[in-house]
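Below is one structure; the comments refer to it alone.
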Number of protein chains: 2
Amino acid sequence: MSEPTKFLLAEDQIPTTWVNLMPDLPGEPLPPLSPATGQPAGPEDLAAIFPLGLIEQEVSQAPEVVIPDAVREAYGLWRPTPLYRARRLERALDTPAKIFYKYEGVSPAGSHKSNTAVPQAYENAQAGVRKLATETGAGQWGSSLAFACGLFGLECEVFMVGSSFDQKPYRRSMMRTWGASVHRSPSERTQSGRSQASHPTGSLGIAISEAVEVAAQDETCNYALGSVLNHVLLHQTVIGQEAMLQMELAGAEPDVVVACVGGGSNFGGLCFPFLRRVLAGQATTRFVAAEPAACPTLTRGVYRYDYGDTSGLTPMMPMYTLGHDFVPPPMHAGGLRYHGGATMLCGLVRAGAVEARAYRQNETFAAAVQFARTEGIIPAPEPAHAIRAVIEEAEAAREAGEERTILFGLCGHGNFDLAAYDAYLSGSLENLEFSQAEMDAAVARLPEAPAIA
Amino acid sequence: MSEPTKFLLAEDQIPTTWVNLMPDLPGEPLPPLSPATGQPAGPEDLAAIFPLGLIEQEVSQAPEVVIPDAVREAYGLWRPTPLYRARRLERALDTPAKIFYKYEGVSPAGSHKSNTAVPQAYENAQAGVRKLATETGAGQWGSSLAFACGLFGLECEVFMVGSSFDQKPYRRSMMRTWGASVHRSPSERTQSGRSQASHPTGSLGIAISEAVEVAAQDETCNYALGSVLNHVLLHQTVIGQEAMLQMELAGAEPDVVVACVGGGSNFGGLCFPFLRRVLAGQATTRFVAAEPAACPTLTRGVYRYDYGDTSGLTPMMPMYTLGHDFVPPPMHAGGLRYHGGATMLCGLVRAGAVEARAYRQNETFAAAVQFARTEGIIPAPEPAHAIRAVIEEAEAAREAGEERTILFGLCGHGNFDLAAYDAYLSGSLENLEFSQAEMDAAVARLPEAPAIA
């Protein structure tokens, strides 16, 4: 047998700590602001919907945070995940570049989201919470939380963005199989949902408002968020830590690391352990964040304080935003339909440590199909954006005649996204346009908050 | 971290040979008979639709067959597959039994079928064939062949059993994403299909007839079968060989090995390497074959010569059969809707080396949901039959107060079968009844052939 395709770790090589990039970030951290007072929000502002264990992680300045044993044991159901060398894709692209990918689709729910669903369910169970409410876009997060709640004996109630609810009936079935209840958002169940009935396709922002409202009104119910927050990005760093070990096994060092961005947790999870080395001056790795042209938060948003949800129930956070009430078109990468992004990631983009690029649906699916026909795995539409960027990098390496080592995050499989592939293969997939005029109007509705220097 | 959940092998531990159980079988082998003459069929009778490389494997008496390097390299895309200890299921069952499962759902197409799709595509490509035609029941085999044909540059045409075509639209999309064309069977494309228009839900037997007809009429096109034949069972023995190594890693020896049976390739793949030791008097392992009560080939069929397909185009083979024109009800375990079974497996059942059990749909899905809520993975409906048998074994161990080590084959995930879970969870799943009268009528239509002693 020639050179290996996969680089595997043993179960006892699951990381024992998460990487907290907070103390490494350049500049002074900007505090979240209370939606009620406009003043800096403290841990107490989060206590109504989050357990203390997660709030401590959210505000921690420790460079590492220990992973509880029960969480590591549950991680063992699918972790460590494999790292692959994409030899067949390299041959198809006729590139001197080496392409590696870290595959998170082996989790039962099919994506990286389980990495944070498990510790969130665990901390809530430890705190005596009975139930978690959440939103889901593509369905990956809701599935993962339904799975994780089952492991720790919690009920789970999911608000699923309307367009995804219609496109992906099997994601609903999956959540129900694991015991969760699922609503189409905007729903009649909440005030936030009823007020958004004029947006029947929904958005992540609307669904978040619904779930937060349910959690805030029920003392035995908490809220769980699948991206954006510091503790979510923290949990995902198991990806990058494993990938670093596996790249060593492969005898390779990445010149560029690529991941797609919705809220930023997949990106942060893969990249932050590598970024720590760059921020410390120990490496010169480049980082590319791939997003959809129809929801181009990092490439065309404004850097301002904004709410995390549509109704303005969450704290205001500094970030690139298209406006908290921006409703992206119902494109197929449902997990990337978010108006804002993680504060930590947005700061790194602004500081020039991460480059952002935006791609249209058809070029993205063309890349996904080329990947599927060479490597076998059918990617979810979200990481297909990363694959598009990887192919650009590999083609640039060929044109420059240079070796280049590329690592990307294949954060989930596309088994529930095949209607989108059908649309692409039949030529009926639209290149949805981003409207600058619509965005300008949304920006004009941003909350009052201090300008950011 | 406590004891491990997964037992993994490195890529260079992919087996280098397949296990051929032919020379180990008790008694004289019964030859297949030509459908035209009723006389023993030789390799030349297969040459119209199979390449020489596969025919040689089909009739080989060698105890091992070398796996070509190109096949092993392609196996590396997903093999070795993990072996799991089902600790959470054990706790939920409160059983002293140890439960292990070998998980084949990590292949890109989501099941064990890729283990034979790859060598079949390879041998046909080596022989200069342009295209493969095949049938698919649940869609697992068609997906795997579409994937494998892509790897070796072959076209692929799939006849998909009508009821599955309707239940699983995403399986079609998956095959098309990998470049295959897909027909609903019975189709208008073939004489065999047109003659079965009165059975609109179709059957594996009808779909096989259609694919064989296409292959027989086109010199550049061959046929590929996903189960039943000797060479298919041979290819699947990578499963059992890896499992044997992994059980050693786990420090355990199975008392009983359980697998579901449609045509028999999943069962043979897991069990034959273990069966070799039993047939040689080196072990006393029990073997349980789990099948659906609505298509109870092994438990209620007659042991006779019969065709492999509905129209009588294939050789007659000795097997348990419900009659080649038996059309099973459109139940959800589409991969188990086959009137017959592999000659090798049927002989072992008849000789008492393998015990067969039949289960109804609702008890099967109850077992699958219990598995999903403890172990995470949502099983395909086919291996859910094995899980039902495993739970019986584990409960028997508890009642007897005895330790018992159980190994079973989780041959695929249920990501494309969630409509069936919906039906089960909503209480609308039927316990379809097997009709003895219908079967008696089908048996009366069996082809003329020598009785079997």
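By convention in this document, the chains of the structure tokens carry letters A, B, ... by their order, each chain's residues are numbered from 1, and ligands are numbered from 1 in the order they are shown.
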- Task: Please return, as a list in words, all residues of chain B lying within 6 Å of chain A when only C-alpha atoms are considered.
- Result: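 Putting it all together, I get Pro108, Tyr170, Ser173, Trp178, Arg373, Gly376, Ile377, Leu418 and Asp422 of chain B.
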Only N, CA, C and O atoms, please: the residues just picked out, written as a CSV table (one decimal), in the first residue's frame.
```csv
chain,number,residue,atom,x,y,z
B,108,PRO,N,-18.7,6.5,2.2
B,108,PRO,CA,-19.4,7.7,1.6
B,108,PRO,C,-20.9,7.4,1.3
B,108,PRO,O,-21.7,8.2,1.5
B,170,TYR,N,-33.9,11.2,-1.8
B,170,TYR,CA,-32.5,11.7,-1.7
B,170,TYR,C,-31.5,10.6,-2.1
B,170,TYR,O,-30.4,10.9,-2.4
B,173,SER,N,-31.0,11.4,-5.6
B,173,SER,CA,-30.1,12.6,-5.8
B,173,SER,C,-28.7,12.2,-5.5
B,173,SER,O,-27.8,12.7,-6.2
B,178,TRP,N,-23.2,11.6,-7.9
B,178,TRP,CA,-22.0,10.8,-8.3
B,178,TRP,C,-22.0,10.5,-9.8
B,178,TRP,O,-21.1,9.8,-10.2
B,373,ARG,N,-31.2,6.5,20.7
B,373,ARG,CA,-31.2,7.4,21.8
B,373,ARG,C,-30.1,7.1,22.9
B,373,ARG,O,-29.9,7.8,23.8
B,376,GLY,N,-26.5,7.0,19.8
B,376,GLY,CA,-26.4,8.2,18.9
B,376,GLY,C,-26.7,7.9,17.4
B,376,GLY,O,-27.5,8.6,16.8
B,377,ILE,N,-26.0,6.9,16.9
B,377,ILE,CA,-26.2,6.6,15.4
B,377,ILE,C,-27.6,6.1,15.2
B,377,ILE,O,-28.2,5.3,15.9
B,418,LEU,N,-35.5,8.2,7.2
B,418,LEU,CA,-36.2,8.9,8.3
B,418,LEU,C,-37.7,9.0,8.1
B,418,LEU,O,-38.4,9.1,9.1
B,422,ASP,N,-40.4,8.4,11.1
B,422,ASP,CA,-41.6,9.3,11.2
B,422,ASP,C,-42.8,8.4,11.4
B,422,ASP,O,-43.7,8.6,12.3
```
- Task: Write out as a list in words which residues come within 8 Å of Leu154 (chain B) when counting only C-alpha atoms, dropping same-chain ones fewer than 2 positions away.
- Result: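 The contact residues come out as Ala121, Ala125, Val129, Arg130, Lys131, Leu132, Cys149, Gly150, Leu151, Phe152 and Cys156 of chain B.
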With N, CA, C and O atoms retained, write the just-selected residues as a PDB file, in the first residue's frame.
```pdb
ATOM      1  N   ALA B 121     -16.423  -2.583  -9.714  1.00  0.00           N
ATOM      2  CA  ALA B 121     -16.127  -1.523 -10.692  1.00  0.00           C
ATOM      3  C   ALA B 121     -14.694  -1.672 -11.197  1.00  0.00           C
ATOM      4  O   ALA B 121     -14.431  -1.540 -12.397  1.00  0.00           O
ATOM      5  N   ALA B 125     -13.605  -2.234 -15.042  1.00  0.00           N
ATOM      6  CA  ALA B 125     -12.755  -1.230 -15.706  1.00  0.00           C
ATOM      7  C   ALA B 125     -11.515  -1.903 -16.290  1.00  0.00           C
ATOM      8  O   ALA B 125     -11.108  -1.606 -17.424  1.00  0.00           O
ATOM      9  N   VAL B 129     -14.706  -2.602 -19.845  1.00  0.00           N
ATOM     10  CA  VAL B 129     -16.150  -2.343 -19.911  1.00  0.00           C
ATOM     11  C   VAL B 129     -16.396  -0.836 -19.773  1.00  0.00           C
ATOM     12  O   VAL B 129     -15.664  -0.136 -19.072  1.00  0.00           O
ATOM     13  N   ARG B 130     -17.441  -0.333 -20.450  1.00  0.00           N
ATOM     14  CA  ARG B 130     -17.736   1.104 -20.452  1.00  0.00           C
ATOM     15  C   ARG B 130     -18.740   1.480 -19.382  1.00  0.00           C
ATOM     16  O   ARG B 130     -18.736   2.581 -18.842  1.00  0.00           O
ATOM     17  N   LYS B 131     -19.649   0.549 -19.067  1.00  0.00           N
ATOM     18  CA  LYS B 131     -20.802   0.906 -18.248  1.00  0.00           C
ATOM     19  C   LYS B 131     -21.262  -0.275 -17.415  1.00  0.00           C
ATOM     20  O   LYS B 131     -21.154  -1.424 -17.845  1.00  0.00           O
ATOM     21  N   LEU B 132     -21.819  -0.012 -16.247  1.00  0.00           N
ATOM     22  CA  LEU B 132     -22.456  -1.049 -15.432  1.00  0.00           C
ATOM     23  C   LEU B 132     -23.934  -0.719 -15.236  1.00  0.00           C
ATOM     24  O   LEU B 132     -24.305   0.433 -15.007  1.00  0.00           O
ATOM     25  N   CYS B 149     -18.250   3.484  -9.492  1.00  0.00           N
ATOM     26  CA  CYS B 149     -18.076   3.698 -10.935  1.00  0.00           C
ATOM     27  C   CYS B 149     -17.365   5.030 -11.173  1.00  0.00           C
ATOM     28  O   CYS B 149     -16.507   5.138 -12.055  1.00  0.00           O
ATOM     29  N   GLY B 150     -17.712   6.034 -10.382  1.00  0.00           N
ATOM     30  CA  GLY B 150     -17.046   7.327 -10.507  1.00  0.00           C
ATOM     31  C   GLY B 150     -15.547   7.216 -10.274  1.00  0.00           C
ATOM     32  O   GLY B 150     -14.751   7.840 -10.979  1.00  0.00           O
ATOM     33  N   LEU B 151     -15.148   6.381  -9.316  1.00  0.00           N
ATOM     34  CA  LEU B 151     -13.723   6.251  -8.995  1.00  0.00           C
ATOM     35  C   LEU B 151     -12.931   5.642 -10.154  1.00  0.00           C
ATOM     36  O   LEU B 151     -11.754   5.932 -10.323  1.00  0.00           O
ATOM     37  N   PHE B 152     -13.607   4.773 -10.956  1.00  0.00           N
ATOM     38  CA  PHE B 152     -12.879   4.067 -12.009  1.00  0.00           C
ATOM     39  C   PHE B 152     -13.338   4.471 -13.408  1.00  0.00           C
ATOM     40  O   PHE B 152     -13.062   3.767 -14.380  1.00  0.00           O
ATOM     41  N   CYS B 156     -22.840   4.474 -15.088  1.00  0.00           N
ATOM     42  CA  CYS B 156     -23.629   3.630 -14.180  1.00  0.00           C
ATOM     43  C   CYS B 156     -25.117   3.903 -14.402  1.00  0.00           C
ATOM     44  O   CYS B 156     -25.544   5.062 -14.423  1.00  0.00           O
TER      45      CYS B 156
END
```
- Length of the CA of Leu83 (chain A) to CA of Glu58 (chain A) vector [Å]: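 If I compute the distance from CA of Leu83 (chain A) to CA of Glu58 (chain A), I get 28.7 Å.
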- Message: When you look at region 446-451 of chain B with a cut-off of 9 Å (counting only C-alpha atoms), what residues show up, excluding the ones that are within fewer than 4 positions of it in the same chain? I need them as a list in words.
- Response: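 Selected residues are Leu33, Pro35, Gly38, Arg304, Tyr305, Asp306, Tyr307, Gly312, Met316, Gly323, His324, Asp325 and Ala442 of chain B.
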Written file, previous selection with all heavy atoms, as a short mmCIF file (atom, residue, chain, number, x, y, z; two decimals), in the first residue's frame:
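For reference, selection.cif as written:
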```
data_model
loop_
_atom_site.label_atom_id
_atom_site.label_comp_id
_atom_site.auth_asym_id
_atom_site.auth_seq_id
_atom_site.Cartn_x
_atom_site.Cartn_y
_atom_site.Cartn_z
N LEU B 33 -27.60 -23.91 -12.06
CA LEU B 33 -28.09 -24.53 -13.29
C LEU B 33 -28.45 -23.46 -14.31
O LEU B 33 -29.01 -22.41 -13.96
CB LEU B 33 -29.34 -25.37 -12.98
CG LEU B 33 -29.17 -26.47 -11.93
CD1 LEU B 33 -30.51 -27.20 -11.71
CD2 LEU B 33 -28.07 -27.46 -12.33
N PRO B 35 -30.45 -21.39 -16.91
CA PRO B 35 -31.90 -21.20 -17.06
C PRO B 35 -32.40 -21.74 -18.40
O PRO B 35 -33.57 -22.10 -18.53
CB PRO B 35 -32.08 -19.68 -16.96
CG PRO B 35 -30.76 -19.10 -17.35
CD PRO B 35 -29.72 -20.12 -16.92
N GLY B 38 -31.18 -26.11 -17.97
CA GLY B 38 -31.36 -26.85 -16.73
C GLY B 38 -30.13 -27.66 -16.34
O GLY B 38 -30.14 -28.35 -15.33
N ARG B 304 -34.94 -24.94 -2.29
CA ARG B 304 -35.10 -25.48 -3.64
C ARG B 304 -34.20 -24.72 -4.62
O ARG B 304 -33.69 -23.66 -4.31
CB ARG B 304 -36.57 -25.27 -4.08
CG ARG B 304 -37.59 -26.07 -3.28
CD ARG B 304 -37.81 -27.43 -3.89
NE ARG B 304 -38.53 -27.30 -5.14
CZ ARG B 304 -39.85 -27.24 -5.26
NH1 ARG B 304 -40.63 -27.28 -4.18
NH2 ARG B 304 -40.43 -27.14 -6.44
N TYR B 305 -34.07 -25.25 -5.83
CA TYR B 305 -33.46 -24.49 -6.92
C TYR B 305 -34.45 -23.42 -7.36
O TYR B 305 -35.63 -23.70 -7.59
CB TYR B 305 -33.14 -25.40 -8.11
CG TYR B 305 -31.73 -25.95 -8.10
CD1 TYR B 305 -31.48 -27.28 -7.75
CD2 TYR B 305 -30.66 -25.13 -8.47
CE1 TYR B 305 -30.19 -27.78 -7.75
CE2 TYR B 305 -29.36 -25.64 -8.48
CZ TYR B 305 -29.12 -26.95 -8.12
OH TYR B 305 -27.84 -27.45 -8.13
N ASP B 306 -33.96 -22.18 -7.50
CA ASP B 306 -34.83 -21.12 -8.02
C ASP B 306 -33.97 -20.08 -8.74
O ASP B 306 -32.74 -20.01 -8.57
CB ASP B 306 -35.64 -20.46 -6.89
CG ASP B 306 -36.86 -19.69 -7.41
OD1 ASP B 306 -37.10 -19.69 -8.64
OD2 ASP B 306 -37.58 -19.10 -6.58
N TYR B 307 -34.64 -19.26 -9.55
CA TYR B 307 -33.96 -18.15 -10.22
C TYR B 307 -33.63 -17.05 -9.21
O TYR B 307 -34.33 -16.87 -8.21
CB TYR B 307 -34.85 -17.53 -11.30
CG TYR B 307 -35.29 -18.49 -12.37
CD1 TYR B 307 -36.64 -18.76 -12.57
CD2 TYR B 307 -34.36 -19.09 -13.22
CE1 TYR B 307 -37.07 -19.61 -13.57
CE2 TYR B 307 -34.78 -19.96 -14.22
CZ TYR B 307 -36.13 -20.23 -14.40
OH TYR B 307 -36.55 -21.07 -15.38
N GLY B 312 -36.54 -14.94 -14.62
CA GLY B 312 -35.84 -16.19 -14.92
C GLY B 312 -34.70 -16.03 -15.90
O GLY B 312 -34.41 -16.93 -16.69
N MET B 316 -30.31 -20.85 -12.14
CA MET B 316 -31.02 -21.33 -10.96
C MET B 316 -29.99 -21.71 -9.90
O MET B 316 -28.97 -22.33 -10.21
CB MET B 316 -31.84 -22.56 -11.32
CG MET B 316 -33.03 -22.23 -12.21
SD MET B 316 -33.97 -23.72 -12.64
CE MET B 316 -33.09 -24.27 -14.11
N GLY B 323 -40.13 -18.05 -3.70
CA GLY B 323 -40.59 -18.06 -5.09
C GLY B 323 -40.07 -16.83 -5.82
O GLY B 323 -40.23 -15.71 -5.35
N HIS B 324 -39.48 -17.05 -7.02
CA HIS B 324 -38.79 -15.93 -7.70
C HIS B 324 -39.76 -14.82 -8.10
O HIS B 324 -39.35 -13.70 -8.33
CB HIS B 324 -38.04 -16.43 -8.93
CG HIS B 324 -38.92 -17.10 -9.93
ND1 HIS B 324 -39.29 -18.42 -9.82
CD2 HIS B 324 -39.53 -16.64 -11.04
CE1 HIS B 324 -40.09 -18.74 -10.83
NE2 HIS B 324 -40.25 -17.68 -11.58
N ASP B 325 -41.06 -15.13 -8.20
CA ASP B 325 -42.00 -14.06 -8.55
C ASP B 325 -42.80 -13.59 -7.33
O ASP B 325 -43.82 -12.91 -7.48
CB ASP B 325 -42.92 -14.48 -9.71
CG ASP B 325 -43.68 -15.76 -9.40
OD1 ASP B 325 -43.47 -16.34 -8.31
OD2 ASP B 325 -44.49 -16.18 -10.24
N ALA B 442 -46.71 -19.18 -5.06
CA ALA B 442 -45.43 -18.84 -5.71
C ALA B 442 -44.54 -20.07 -5.82
O ALA B 442 -43.87 -20.27 -6.83
CB ALA B 442 -44.73 -17.73 -4.93
#
```
- Query: Which residues, written as a list in words, have at least one atom at most 8 Å from Thr343 (chain B), with only C-alpha atoms counted and residues fewer than 4 positions away on the same chain left out?
  - Reply: Val228, Leu229, Asn230, Met317, Pro318, Met319 and Gly347 of chain B
Go ahead and save the residues from that selection, with C-alpha atoms, as a compact mmCIF listing (two decimals), in the first residue's frame.
```txt
# COMPACT_ATOMS: atom_id res chain seq x y z
CA VAL B 228 -26.26 -13.18 -3.17
CA LEU B 229 -23.35 -14.23 -5.41
CA ASN B 230 -20.20 -15.87 -4.05
CA MET B 317 -29.35 -21.60 -7.57
CA PRO B 318 -30.04 -23.82 -4.56
CA MET B 319 -31.45 -21.63 -1.79
CA GLY B 347 -26.55 -24.04 3.00
```
